[in-house]
>>> print(open('query.json').read())   # JSON, C-alpha atoms
[["chain", "number", "residue", "atom", "x", "y", "z"],
["E", 1, "MET", "CA", -0.88, -12.36, 2.00],
["E", 2, "GLY", "CA", -4.29, -12.77, 0.45],
["E", 3, "ASP", "CA", -3.30, -14.79, -2.56],
["E", 4, "GLU", "CA", -3.47, -18.32, -1.25],
["E", 5, "LYS", "CA", -6.24, -18.14, 1.29],
["E", 6, "ASN", "CA", -9.16, -18.37, -1.09],
["E", 7, "THR", "CA", -9.85, -22.08, -0.88],
["E", 8, "THR", "CA", -12.50, -21.72, 1.81],
["E", 9, "ASN", "CA", -15.09, -19.97, -0.28],
["E", 10, "THR", "CA", -14.31, -21.14, -3.76],
["E", 11, "SER", "CA", -15.54, -24.27, -5.39],
["E", 12, "VAL", "CA", -12.84, -24.17, -8.03],
["E", 13, "SER", "CA", -10.23, -26.74, -7.24],
["E", 14, "GLY", "CA", -6.57, -25.93, -6.97],
["E", 15, "THR", "CA", -6.84, -22.19, -7.22],
["E", 16, "THR", "CA", -3.68, -20.40, -6.43],
["E", 17, "ALA", "CA", -3.39, -16.87, -7.60],
["E", 18, "SER", "CA", -0.07, -17.14, -9.30],
["E", 19, "GLY", "CA", -1.15, -18.26, -12.73],
["E", 20, "SER", "CA", -2.03, -21.90, -12.27],
["E", 21, "ILE", "CA", -4.11, -23.69, -14.85],
["E", 22, "SER", "CA", -7.43, -21.95, -14.93],
["E", 23, "GLY", "CA", -10.18, -23.78, -13.10],
["E", 24, "ILE", "CA", -12.78, -21.32, -14.32],
["E", 25, "ARG", "CA", -13.79, -22.13, -17.86],
["E", 26, "ARG", "CA", -12.98, -19.33, -20.20],
["E", 27, "SER", "CA", -13.23, -19.33, -23.94],
["E", 28, "SER", "CA", -11.09, -16.47, -25.07],
["E", 29, "ARG", "CA", -7.74, -14.82, -24.53],
["E", 30, "THR", "CA", -5.74, -17.76, -23.28],
["E", 31, "ALA", "CA", -3.85, -17.71, -26.56],
["E", 32, "SER", "CA", -2.96, -14.05, -26.28],
["E", 33, "ARG", "CA", -0.51, -14.60, -23.45],
["E", 34, "LYS", "CA", 2.66, -12.68, -24.10],
["E", 35, "PRO", "CA", 5.99, -14.45, -23.82],
["E", 36, "LYS", "CA", 7.75, -13.35, -20.68],
["E", 37, "LYS", "CA", 11.16, -11.81, -20.93],
["E", 38, "ASP", "CA", 13.94, -13.28, -18.86],
["E", 39, "GLN", "CA", 14.68, -10.60, -16.29],
["E", 40, "ILE", "CA", 17.32, -12.37, -14.24],
["E", 41, "LEU", "CA", 20.35, -10.97, -16.09],
["E", 42, "PRO", "CA", 19.15, -7.33, -16.12],
["E", 43, "GLY", "CA", 18.23, -7.78, -12.46],
["E", 44, "LEU", "CA", 21.73, -8.97, -11.57],
["E", 45, "GLY", "CA", 23.17, -6.08, -13.59],
["E", 46, "ILE", "CA", 21.10, -3.58, -11.65],
["E", 47, "LEU", "CA", 22.10, -5.19, -8.35],
["E", 48, "VAL", "CA", 25.77, -4.81, -9.28],
["E", 49, "LEU", "CA", 25.13, -1.17, -10.28],
["E", 50, "ILE", "CA", 23.40, -0.51, -6.95],
["E", 51, "VAL", "CA", 26.35, -1.93, -5.01],
["E", 52, "ILE", "CA", 28.94, 0.00, -7.09],
["E", 53, "SER", "CA", 26.92, 3.23, -6.71],
["E", 54, "GLY", "CA", 26.76, 2.59, -2.96],
["E", 55, "PHE", "CA", 30.55, 2.36, -2.75],
["E", 56, "ALA", "CA", 30.94, 5.43, -4.97],
["E", 57, "LEU", "CA", 28.54, 7.40, -2.75],
["E", 58, "SER", "CA", 30.35, 6.34, 0.42],
["E", 59, "PHE", "CA", 33.44, 8.23, -0.81],
["E", 60, "ILE", "CA", 31.37, 11.41, -1.01],
["E", 61, "SER", "CA", 29.44, 10.93, 2.22],
["E", 62, "LYS", "CA", 28.74, 7.99, 4.51],
["E", 63, "THR", "CA", 25.22, 9.28, 5.19],
["E", 64, "LEU", "CA", 24.47, 9.43, 1.48],
["E", 65, "ALA", "CA", 25.54, 5.80, 1.06],
["E", 66, "PHE", "CA", 23.38, 4.82, 4.03],
["E", 67, "PHE", "CA", 20.35, 6.60, 2.53],
["E", 68, "TRP", "CA", 21.05, 4.90, -0.79],
["E", 69, "ILE", "CA", 20.99, 1.44, 0.80],
["E", 70, "THR", "CA", 17.96, 2.01, 3.04],
["E", 71, "GLY", "CA", 16.09, 3.56, 0.10],
["E", 72, "ASN", "CA", 16.76, 0.58, -2.12],
["E", 73, "VAL", "CA", 15.87, -1.92, 0.59],
["E", 74, "PHE", "CA", 12.70, -0.05, 1.51],
["E", 75, "GLY", "CA", 11.63, 0.09, -2.14],
["E", 76, "PHE", "CA", 12.30, -3.61, -2.59],
["E", 77, "VAL", "CA", 10.25, -4.58, 0.47],
["E", 78, "LEU", "CA", 7.45, -2.22, -0.55],
["E", 79, "GLN", "CA", 7.23, -3.68, -4.05],
["E", 80, "LYS", "CA", 7.51, -7.33, -3.08],
["E", 81, "THR", "CA", 4.96, -7.15, -0.27],
["E", 82, "ARG", "CA", 2.58, -4.91, -2.25],
["E", 83, "PHE", "CA", 2.46, -2.79, 0.86],
["E", 84, "CYS", "CA", 0.28, 0.25, 0.29],
["E", 85, "PHE", "CA", -0.43, 2.87, 2.91],
["E", 86, "THR", "CA", -3.19, 4.32, 0.76],
["E", 87, "ALA", "CA", -4.99, 0.97, 0.61],
["E", 88, "SER", "CA", -4.59, 0.49, 4.35],
["E", 89, "MET", "CA", -6.65, 3.64, 4.93],
["E", 90, "ARG", "CA", -9.04, 3.28, 1.99],
["E", 91, "ASP", "CA", -9.89, -0.41, 1.73],
["E", 92, "PRO", "CA", -11.73, -0.75, 5.05],
["E", 93, "TYR", "CA", -14.32, 1.56, 3.55],
["E", 94, "LEU", "CA", -14.12, 0.47, -0.09],
["E", 95, "THR", "CA", -13.75, -3.31, 0.12],
["E", 96, "GLY", "CA", -14.11, -4.05, 3.81],
["E", 97, "GLY", "CA", -10.65, -5.61, 3.74],
["E", 98, "THR", "CA", -8.54, -4.67, 6.74],
["E", 99, "ASN", "CA", -5.50, -6.92, 6.27],
["E", 100, "LEU", "CA", -3.30, -4.02, 5.13],
["E", 101, "THR", "CA", -4.62, -1.79, 7.91],
["E", 102, "LYS", "CA", -3.58, -4.42, 10.41],
["E", 103, "SER", "CA", -0.11, -4.75, 8.82],
["E", 104, "VAL", "CA", 0.42, -0.99, 9.01],
["E", 105, "LEU", "CA", -0.61, -1.05, 12.68],
["E", 106, "ALA", "CA", 1.78, -3.93, 13.32],
["E", 107, "ALA", "CA", 4.56, -1.97, 11.60],
["E", 108, "LEU", "CA", 3.75, 1.04, 13.80],
["E", 109, "ALA", "CA", 3.94, -1.12, 16.92],
["E", 110, "ILE", "CA", 7.36, -2.45, 15.90],
["E", 111, "THR", "CA", 8.71, 1.03, 15.11],
["E", 112, "THR", "CA", 7.35, 2.26, 18.44],
["E", 113, "LEU", "CA", 9.49, -0.29, 20.23],
["E", 114, "GLY", "CA", 12.51, 0.37, 17.99],
["E", 115, "PHE", "CA", 12.39, 4.15, 18.32],
["E", 116, "THR", "CA", 11.88, 3.95, 22.06],
["E", 117, "ALA", "CA", 14.86, 1.64, 22.36],
["E", 118, "ILE", "CA", 17.09, 4.06, 20.42],
["E", 119, "LYS", "CA", 15.85, 7.14, 22.26],
["E", 120, "TYR", "CA", 15.85, 5.57, 25.71],
["E", 121, "GLY", "CA", 19.34, 4.15, 25.08],
["E", 122, "ALA", "CA", 20.62, 7.66, 24.35],
["E", 123, "PHE", "CA", 18.70, 9.07, 27.32],
["E", 124, "ILE", "CA", 20.10, 6.78, 30.04],
["E", 125, "ASN", "CA", 23.63, 7.16, 28.69],
["E", 126, "GLY", "CA", 23.29, 10.91, 29.09],
["E", 127, "MET", "CA", 23.61, 11.53, 25.36],
["E", 128, "PRO", "CA", 21.33, 13.89, 23.41],
["E", 129, "ILE", "CA", 18.22, 12.00, 22.32],
["E", 130, "PRO", "CA", 18.34, 11.58, 18.52],
["E", 131, "GLY", "CA", 15.46, 12.75, 16.34],
["E", 132, "GLN", "CA", 13.99, 15.22, 18.83],
["E", 133, "GLY", "CA", 13.87, 17.80, 16.05],
["E", 134, "PHE", "CA", 10.98, 15.80, 14.61],
["E", 135, "VAL", "CA", 8.86, 16.32, 17.71],
["E", 136, "VAL", "CA", 6.83, 19.17, 16.25],
["E", 137, "PRO", "CA", 3.75, 20.96, 17.57],
["E", 138, "VAL", "CA", 0.32, 19.44, 17.02],
["E", 139, "SER", "CA", -2.22, 21.89, 15.67],
["E", 140, "LEU", "CA", -5.18, 22.23, 13.38],
["E", 141, "ALA", "CA", -2.63, 22.18, 10.53],
["E", 142, "THR", "CA", -1.93, 18.51, 11.35],
["E", 143, "VAL", "CA", -5.59, 17.59, 10.92],
["E", 144, "LEU", "CA", -6.07, 19.75, 7.83],
["E", 145, "GLY", "CA", -2.85, 18.53, 6.22],
["E", 146, "GLY", "CA", -3.81, 14.91, 6.88],
["E", 147, "LEU", "CA", -7.19, 15.43, 5.27],
["E", 148, "ILE", "CA", -5.73, 17.09, 2.15],
["E", 149, "PHE", "CA", -3.03, 14.45, 1.84],
["E", 150, "GLY", "CA", -5.62, 11.69, 2.25],
["E", 151, "ILE", "CA", -7.84, 13.03, -0.52],
["E", 152, "GLY", "CA", -4.82, 13.55, -2.75],
["E", 153, "MET", "CA", -3.39, 10.09, -2.29],
["E", 154, "VAL", "CA", -6.64, 8.31, -3.05],
["E", 155, "ILE", "CA", -7.09, 10.31, -6.27],
["E", 156, "ALA", "CA", -3.45, 9.91, -7.29],
["E", 157, "GLY", "CA", -3.59, 6.19, -6.55],
["E", 158, "GLY", "CA", -0.74, 6.17, -4.07],
["E", 159, "CYS", "CA", 0.93, 8.01, -1.24],
["E", 160, "ALA", "CA", 4.51, 9.24, -1.49],
["E", 161, "SER", "CA", 6.24, 5.88, -1.12],
["E", 162, "GLY", "CA", 3.59, 4.05, -3.13],
["E", 163, "THR", "CA", 3.86, 6.47, -6.04],
["E", 164, "LEU", "CA", 7.66, 6.23, -6.12],
["E", 165, "MET", "CA", 7.51, 2.44, -5.96],
["E", 166, "ARG", "CA", 5.02, 2.17, -8.82],
["E", 167, "VAL", "CA", 6.93, 4.59, -11.01],
["E", 168, "GLY", "CA", 9.94, 2.35, -10.49],
["E", 169, "GLU", "CA", 7.77, -0.62, -11.34],
["E", 170, "GLY", "CA", 6.93, 1.00, -14.66],
["E", 171, "PHE", "CA", 3.38, 2.18, -14.11],
["E", 172, "ALA", "CA", 3.41, 5.12, -16.51],
["E", 173, "MET", "CA", 0.25, 6.86, -15.31],
["E", 174, "GLN", "CA", 1.79, 7.60, -11.93],
["E", 175, "ILE", "CA", 4.72, 9.45, -13.49],
["E", 176, "LEU", "CA", 2.07, 12.16, -13.77],
["E", 177, "SER", "CA", 1.35, 11.78, -10.05],
["E", 178, "LEU", "CA", 5.08, 12.06, -9.37],
["E", 179, "VAL", "CA", 5.37, 15.32, -11.35],
["E", 180, "PHE", "CA", 2.56, 16.93, -9.36],
["E", 181, "PHE", "CA", 3.80, 15.36, -6.15],
["E", 182, "VAL", "CA", 7.13, 17.14, -6.68],
["E", 183, "ALA", "CA", 5.35, 20.36, -7.71],
["E", 184, "GLY", "CA", 3.17, 20.23, -4.59],
["E", 185, "SER", "CA", 6.13, 19.53, -2.33],
["E", 186, "LEU", "CA", 8.01, 22.50, -3.78],
["E", 187, "TRP", "CA", 4.99, 24.75, -3.30],
["E", 188, "ALA", "CA", 4.62, 23.53, 0.29],
["E", 189, "ALA", "CA", 8.32, 24.11, 0.97],
["E", 190, "HIS", "CA", 7.97, 27.62, -0.46],
["E", 191, "ASP", "CA", 5.07, 28.50, 1.87],
["E", 192, "TYR", "CA", 6.30, 26.51, 4.86],
["E", 193, "GLY", "CA", 7.74, 29.53, 6.63],
["E", 194, "TRP", "CA", 4.34, 31.20, 6.79],
["E", 195, "TRP", "CA", 2.63, 28.07, 8.11],
["E", 196, "GLN", "CA", 5.42, 27.54, 10.62],
["E", 197, "LEU", "CA", 5.09, 31.08, 11.94],
["E", 198, "ASN", "CA", 1.31, 31.53, 11.90],
["E", 199, "VAL", "CA", -0.17, 28.08, 12.48],
["E", 200, "ILE", "CA", 2.27, 25.36, 13.47],
["E", 201, "MET", "CA", 4.14, 27.24, 16.20],
["E", 202, "LYS", "CA", 0.84, 28.09, 17.88],
["E", 203, "GLY", "CA", 0.33, 24.41, 18.69],
["E", 204, "LYS", "CA", 2.01, 22.51, 21.50],
["E", 205, "ALA", "CA", 4.83, 20.02, 20.96],
["E", 206, "VAL", "CA", 4.19, 16.86, 22.95],
["E", 207, "PHE", "CA", 6.86, 14.26, 23.56],
["E", 208, "LEU", "CA", 4.98, 11.41, 25.23],
["E", 209, "PRO", "CA", 7.79, 10.24, 27.56],
["E", 210, "ASP", "CA", 7.84, 13.77, 29.07],
["E", 211, "VAL", "CA", 4.19, 13.41, 29.97],
["E", 212, "PHE", "CA", 3.78, 9.75, 30.92],
["E", 213, "GLY", "CA", 7.34, 8.66, 31.54],
["E", 214, "TRP", "CA", 9.18, 6.25, 29.21],
["E", 215, "PHE", "CA", 7.34, 3.12, 30.27],
["E", 216, "GLY", "CA", 3.95, 4.83, 30.35],
["E", 217, "ALA", "CA", 4.45, 6.32, 26.88],
["E", 218, "VAL", "CA", 5.28, 2.97, 25.29],
["E", 219, "THR", "CA", 2.43, 1.22, 27.07],
["E", 220, "ILE", "CA", -0.14, 3.84, 26.13],
["E", 221, "GLN", "CA", 0.97, 3.97, 22.49],
["E", 222, "LEU", "CA", 0.97, 0.18, 22.17],
["E", 223, "LEU", "CA", -2.45, -0.03, 23.85],
["E", 224, "ILE", "CA", -3.89, 2.48, 21.36],
["E", 225, "ILE", "CA", -2.38, 0.53, 18.46],
["E", 226, "ALA", "CA", -3.75, -2.73, 19.90],
["E", 227, "PHE", "CA", -7.19, -1.16, 20.25],
["E", 228, "LEU", "CA", -7.11, 0.01, 16.62],
["E", 229, "TRP", "CA", -5.92, -3.45, 15.54],
["E", 230, "ILE", "CA", -8.83, -5.14, 17.28],
["E", 231, "ALA", "CA", -11.24, -2.57, 15.84],
["E", 232, "ALA", "CA", -9.85, -3.18, 12.33],
["E", 233, "ASP", "CA", -10.10, -6.95, 12.81],
["E", 234, "LYS", "CA", -13.72, -6.74, 13.98],
["E", 235, "TRP", "CA", -14.61, -4.35, 11.15],
["E", 236, "GLY", "CA", -13.08, -6.72, 8.57],
["E", 237, "LYS", "CA", -15.01, -9.72, 9.94],
["E", 238, "ARG", "CA", -18.28, -7.81, 10.11],
["E", 239, "LYS", "CA", -17.90, -6.60, 6.51],
["E", 240, "ALA", "CA", -17.16, -10.14, 5.35],
["E", 241, "GLU", "CA", -20.29, -11.46, 7.08],
["E", 242, "GLN", "CA", -22.49, -8.71, 5.68],
["E", 243, "SER", "CA", -21.62, -9.56, 2.10],
["E", 244, "HIS", "CA", -22.56, -13.22, 2.43],
["W", 1, "MET", "CA", -23.37, -17.78, -19.39],
["W", 2, "LYS", "CA", -21.31, -15.05, -20.93],
["W", 3, "GLU", "CA", -17.80, -13.83, -20.56],
["W", 4, "VAL", "CA", -17.13, -10.12, -20.24],
["W", 5, "GLU", "CA", -13.79, -8.36, -20.46],
["W", 6, "LEU", "CA", -13.12, -5.16, -18.61],
["W", 7, "ASP", "CA", -10.12, -3.18, -19.77],
["W", 8, "CYS", "CA", -8.56, -1.39, -16.81],
["W", 9, "LEU", "CA", -5.04, -1.17, -18.18],
["W", 10, "GLY", "CA", -3.39, 2.05, -17.13],
["W", 11, "GLU", "CA", -5.91, 2.78, -14.41],
["W", 12, "ALA", "CA", -4.67, 3.33, -10.90],
["W", 13, "CYS", "CA", -6.12, 1.73, -7.83],
["W", 14, "PRO", "CA", -8.98, 1.95, -6.79],
["W", 15, "VAL", "CA", -10.52, 2.63, -10.23],
["W", 16, "PRO", "CA", -10.29, -1.00, -11.45],
["W", 17, "LEU", "CA", -11.97, -2.17, -8.25],
["W", 18, "VAL", "CA", -14.87, 0.27, -8.49],
["W", 19, "LYS", "CA", -15.37, -0.50, -12.20],
["W", 20, "ALA", "CA", -15.32, -4.23, -11.51],
["W", 21, "GLN", "CA", -17.84, -3.88, -8.68],
["W", 22, "LYS", "CA", -20.24, -1.98, -10.95],
["W", 23, "LYS", "CA", -19.77, -4.36, -13.87],
["W", 24, "LEU", "CA", -20.20, -7.45, -11.74],
["W", 25, "ALA", "CA", -23.47, -6.10, -10.38],
["W", 26, "GLU", "CA", -24.85, -6.00, -13.95],
["W", 27, "LEU", "CA", -23.92, -9.60, -14.70],
["W", 28, "GLU", "CA", -25.98, -12.75, -14.17],
["W", 29, "ILE", "CA", -24.99, -15.60, -11.86],
["W", 30, "GLY", "CA", -22.55, -17.88, -13.63],
["W", 31, "ASP", "CA", -21.16, -15.15, -15.85],
["W", 32, "ILE", "CA", -17.45, -14.57, -15.94],
["W", 33, "LEU", "CA", -15.79, -11.19, -15.68],
["W", 34, "ILE", "CA", -12.20, -10.79, -16.78],
["W", 35, "VAL", "CA", -10.61, -7.62, -15.47],
["W", 36, "GLN", "CA", -7.37, -6.67, -17.15],
["W", 37, "ILE", "CA", -5.11, -4.67, -14.86],
["W", 38, "ASP", "CA", -1.53, -3.46, -14.75],
["W", 39, "HIS", "CA", -1.57, -1.71, -11.40],
["W", 40, "SER", "CA", 0.04, -3.90, -8.77],
["W", 41, "CYS", "CA", -2.19, -2.54, -6.03],
["W", 42, "ALA", "CA", -5.37, -3.57, -7.83],
["W", 43, "MET", "CA", -3.88, -7.03, -8.19],
["W", 44, "LYS", "CA", -4.27, -7.33, -4.43],
["W", 45, "ASN", "CA", -7.45, -5.52, -3.50],
["W", 46, "LEU", "CA", -9.59, -6.65, -6.43],
["W", 47, "PRO", "CA", -9.20, -10.39, -5.73],
["W", 48, "GLU", "CA", -9.48, -9.73, -2.03],
["W", 49, "TRP", "CA", -12.78, -7.92, -2.41],
["W", 50, "ALA", "CA", -14.20, -10.49, -4.84],
["W", 51, "ARG", "CA", -13.27, -13.39, -2.55],
["W", 52, "THR", "CA", -14.72, -11.68, 0.49],
["W", 53, "ASP", "CA", -17.87, -11.13, -1.54],
["W", 54, "GLY", "CA", -18.01, -14.87, -2.16],
["W", 55, "HIS", "CA", -17.11, -15.21, -5.85],
["W", 56, "ASN", "CA", -14.66, -17.57, -7.49],
["W", 57, "VAL", "CA", -11.49, -15.72, -8.31],
["W", 58, "GLU", "CA", -8.29, -16.44, -10.13],
["W", 59, "VAL", "CA", -5.39, -14.19, -10.98],
["W", 60, "GLU", "CA", -3.23, -14.87, -13.98],
["W", 61, "GLU", "CA", -0.12, -12.91, -14.87],
["W", 62, "VAL", "CA", -0.44, -12.57, -18.63],
["W", 63, "GLY", "CA", 2.65, -10.43, -19.12],
["W", 64, "ASP", "CA", 5.27, -8.69, -17.05],
["W", 65, "GLY", "CA", 3.24, -6.55, -14.68],
["W", 66, "GLU", "CA", -0.05, -7.30, -16.43],
["W", 67, "TRP", "CA", -2.71, -9.43, -14.85],
["W", 68, "ASP", "CA", -6.09, -10.92, -15.70],
["W", 69, "VAL", "CA", -8.37, -11.18, -12.70],
["W", 70, "ILE", "CA", -10.99, -13.77, -13.56],
["W", 71, "ILE", "CA", -14.12, -13.54, -11.49],
["W", 72, "GLU", "CA", -16.98, -16.03, -11.71],
["W", 73, "LYS", "CA", -20.15, -14.56, -10.29],
["W", 74, "VAL", "CA", -21.72, -17.11, -7.98],
["W", 75, "LYS", "CA", -24.39, -15.12, -6.22]]
>>> encode(input="query.json", output="structure tokens")
Amino acid sequence: MGDEKNTTNTSVSGTTASGSISGIRRSSRTASRKPKKDQILPGLGILVLIVISGFALSFISKTLAFFWITGNVFGFVLQKTRFCFTASMRDPYLTGGTNLTKSVLAALAITTLGFTAIKYGAFINGMPIPGQGFVVPVSLATVLGGLIFGIGMVIAGGCASGTLMRVGEGFAMQILSLVFFVAGSLWAAHDYGWWQLNVIMKGKAVFLPDVFGWFGAVTIQLLIIAFLWIAADKWGKRKAEQSH
Amino acid sequence: MKEVELDCLGEACPVPLVKAQKKLAELEIGDILIVQIDHSCAMKNLPEWARTDGHNVEVEEVGDGEWDVIIEKVK
């Protein structure tokens, strides 16, 4: 998104973002264009390697092979869509753009439905509901942790998935982010016991279907997401009008 | 009318955006700002901001993972 929708407020004819003939007159630098390397063969090679590794991993553990595939697919989607959780939280303030915010909200709405389907399916069949171990208490630590993570990801130029994706893309500066991201995670894991005992366990674990019922929980969560979506949409339009 | 280049290679998002915003504010109407970036995130939010702000924008991929964002200041 975003690349082709510029024709409304530009007078330059035929502007598409993907390197068309420049409509804006520019004197320099056009000659300095580097020849592009053909990346199709290496790409195919890597694809074959990914598939072979997947099979190799499946002999060790089926779960490992599954993680390998979902990881690769997730990374591919993340890179191709230029999806960025950091930008979705930061750009409404910085640029007034809320397109990414709205995509993240849409993704949350879809996962809400998906997770509910999985959990409810297990529930009515009398099976243990999967993933209940991730229903953890809400406390001040949640708010504080979110704040620290938010500051960190804006400075580092990417959240966890964004940093990993850009390191894979070859953005050298964020290898530094990755090093400290790993260091920070290790430190957090080291101290987690203390936090668990003294802060996190003092909060209350809330599983929404227990409180509102299955239907109520989905409805309420989707309504909140819809409300945020509308707010983001209005904010984006207002910011766009202000700047004109 | 002048043409200004802004080297943001190696800078992570949102630094290129903030630098471009400051630089563009110094320029005259009709001037062209060329922001060189290699951070894929800036390749999205920089053009998006500039278009929302009402300028003429083009993105050119000059190398693998390197882009020129060409902004013509119109107001």
>>> closest_atom_pairs(input="query.json", of="region 62-125 of chain E", to="region 11-32 of chain W", cutoff="12 Å", atoms="all atoms listed in the file", output="JSON lines")
{"residue": "E:Cys84", "atom": "CA", "partner": "W:Cys13", "partner_atom": "CA", "distance": 10.4}
{"residue": "E:Thr86", "atom": "CA", "partner": "W:Cys13", "partner_atom": "CA", "distance": 9.4}
{"residue": "E:Ala87", "atom": "CA", "partner": "W:Pro14", "partner_atom": "CA", "distance": 8.5}
{"residue": "E:Arg90", "atom": "CA", "partner": "W:Pro14", "partner_atom": "CA", "distance": 8.9}
{"residue": "E:Asp91", "atom": "CA", "partner": "W:Pro14", "partner_atom": "CA", "distance": 8.9}
{"residue": "E:Tyr93", "atom": "CA", "partner": "W:Pro14", "partner_atom": "CA", "distance": 11.6}
{"residue": "E:Leu94", "atom": "CA", "partner": "W:Val18", "partner_atom": "CA", "distance": 8.4}
{"residue": "E:Thr95", "atom": "CA", "partner": "W:Leu17", "partner_atom": "CA", "distance": 8.6}
>>> write_last_selection(input="query.json", atoms="C-alpha atoms", output="PDB file, keeping the file's coordinate frame")
ATOM      1  CA  CYS E  84       0.280   0.250   0.290  1.00  0.00           C
ATOM      2  CA  THR E  86      -3.190   4.320   0.760  1.00  0.00           C
ATOM      3  CA  ALA E  87      -4.990   0.970   0.610  1.00  0.00           C
ATOM      4  CA  ARG E  90      -9.040   3.280   1.990  1.00  0.00           C
ATOM      5  CA  ASP E  91      -9.890  -0.410   1.730  1.00  0.00           C
ATOM      6  CA  TYR E  93     -14.320   1.560   3.550  1.00  0.00           C
ATOM      7  CA  LEU E  94     -14.120   0.470  -0.090  1.00  0.00           C
ATOM      8  CA  THR E  95     -13.750  -3.310   0.120  1.00  0.00           C
TER       9      THR E  95
END
>>> closest_atom_pairs(input="query.json", of="chain W", to="chain E", cutoff="9 Å", atoms="only C-alpha atoms", output="Markdown table")
| residue | atom | partner | partner_atom | distance |
| --- | --- | --- | --- | --- |
| W:Glu3 | CA | E:Arg26 | CA | 7.3 |
| W:Gly10 | CA | E:Met173 | CA | 6.3 |
| W:Glu11 | CA | E:Met173 | CA | 7.4 |
| W:Ala12 | CA | E:Gly157 | CA | 5.3 |
| W:Cys13 | CA | E:Gly157 | CA | 5.3 |
| W:Pro14 | CA | E:Gly157 | CA | 6.9 |
| W:Val15 | CA | E:Gly157 | CA | 8.6 |
| W:Leu17 | CA | E:Thr95 | CA | 8.6 |
| W:Val18 | CA | E:Leu94 | CA | 8.4 |
| W:Ile32 | CA | E:Arg26 | CA | 7.8 |
| W:Asp38 | CA | E:Phe171 | CA | 7.5 |
| W:His39 | CA | E:Phe171 | CA | 6.9 |
| W:Ser40 | CA | E:Arg82 | CA | 7.1 |
| W:Cys41 | CA | E:Arg82 | CA | 6.5 |
| W:Lys44 | CA | E:Gly2 | CA | 7.3 |
| W:Asn45 | CA | E:Thr95 | CA | 7.6 |
| W:Leu46 | CA | E:Thr95 | CA | 8.4 |
| W:Pro47 | CA | E:Asp3 | CA | 8.0 |
| W:Glu48 | CA | E:Gly2 | CA | 6.5 |
| W:Trp49 | CA | E:Thr95 | CA | 5.3 |
| W:Ala50 | CA | E:Thr95 | CA | 8.7 |
| W:Arg51 | CA | E:Asn6 | CA | 6.6 |
| W:Thr52 | CA | E:Ala240 | CA | 5.7 |
| W:Asp53 | CA | E:Ser243 | CA | 5.5 |
| W:Gly54 | CA | E:Asn9 | CA | 6.2 |
| W:His55 | CA | E:Thr10 | CA | 6.9 |
| W:Asn56 | CA | E:Thr10 | CA | 5.2 |
| W:Val57 | CA | E:Thr10 | CA | 7.6 |
| W:Glu58 | CA | E:Ala17 | CA | 5.5 |
| W:Val59 | CA | E:Ala17 | CA | 4.8 |
| W:Glu60 | CA | E:Gly19 | CA | 4.2 |
| W:Glu61 | CA | E:Gly19 | CA | 5.9 |
| W:Val62 | CA | E:Arg33 | CA | 5.2 |
| W:Gly63 | CA | E:Lys34 | CA | 5.5 |
| W:Asp64 | CA | E:Lys36 | CA | 6.4 |
| W:Gly65 | CA | E:Glu169 | CA | 8.2 |
| W:Ile70 | CA | E:Ile24 | CA | 7.8 |
| W:Ile71 | CA | E:Ile24 | CA | 8.4 |
| W:Glu72 | CA | E:Ile24 | CA | 7.2 |
>>> atom_distance(input="query.json", atom1="CA of Ala141 (chain E)", atom2="CA of Asp191 (chain E)")
13.2 Å
>>> atom_distance(input="query.json", atom1="CA of Val4 (chain W)", atom2="CA of Glu66 (chain W)")
17.7 Å
>>> atom_distance(input="query.json", atom1="CA of Phe85 (chain E)", atom2="CA of Trp235 (chain E)")
17.9 Å
>>> residues_around(input="query.json", residues="Leu222 (chain E)", least_positions_apart="4", cutoff="7 Å", atoms="only C-alpha atoms", output="PyMOL selection string")
chain E and resi 109+218+226
>>> residues_around(input="query.json", residues="Lys204 (chain E)", least_positions_apart="5", cutoff="8 Å", atoms="all atoms listed in the file", output="ChimeraX atom specification")
/E:136-139
>>> decode(input="query.json", residues="region 187-194 of chain E", atoms="N, CA and C atoms", output="compact mmCIF listing (two decimals), in the first residue's frame")
# COMPACT_ATOMS: atom_id res chain seq x y z
N TRP E 187 19.07 -10.95 29.91
CA TRP E 187 18.99 -10.28 31.20
C TRP E 187 17.58 -10.43 31.80
N ALA E 188 16.58 -10.20 30.93
CA ALA E 188 15.19 -10.31 31.37
C ALA E 188 14.89 -11.74 31.82
N ALA E 189 15.38 -12.72 31.06
CA ALA E 189 15.13 -14.12 31.42
C ALA E 189 15.79 -14.43 32.76
N HIS E 190 16.96 -13.83 32.99
CA HIS E 190 17.69 -14.06 34.23
C HIS E 190 16.90 -13.55 35.44
N ASP E 191 16.29 -12.35 35.28
CA ASP E 191 15.58 -11.73 36.40
C ASP E 191 14.10 -12.08 36.44
N TYR E 192 13.64 -12.91 35.49
CA TYR E 192 12.21 -13.12 35.35
C TYR E 192 11.58 -13.72 36.60
N GLY E 193 12.32 -14.60 37.26
CA GLY E 193 11.81 -15.25 38.46
C GLY E 193 11.38 -14.23 39.51
N TRP E 194 12.22 -13.24 39.71
CA TRP E 194 11.93 -12.20 40.70
C TRP E 194 10.66 -11.43 40.33
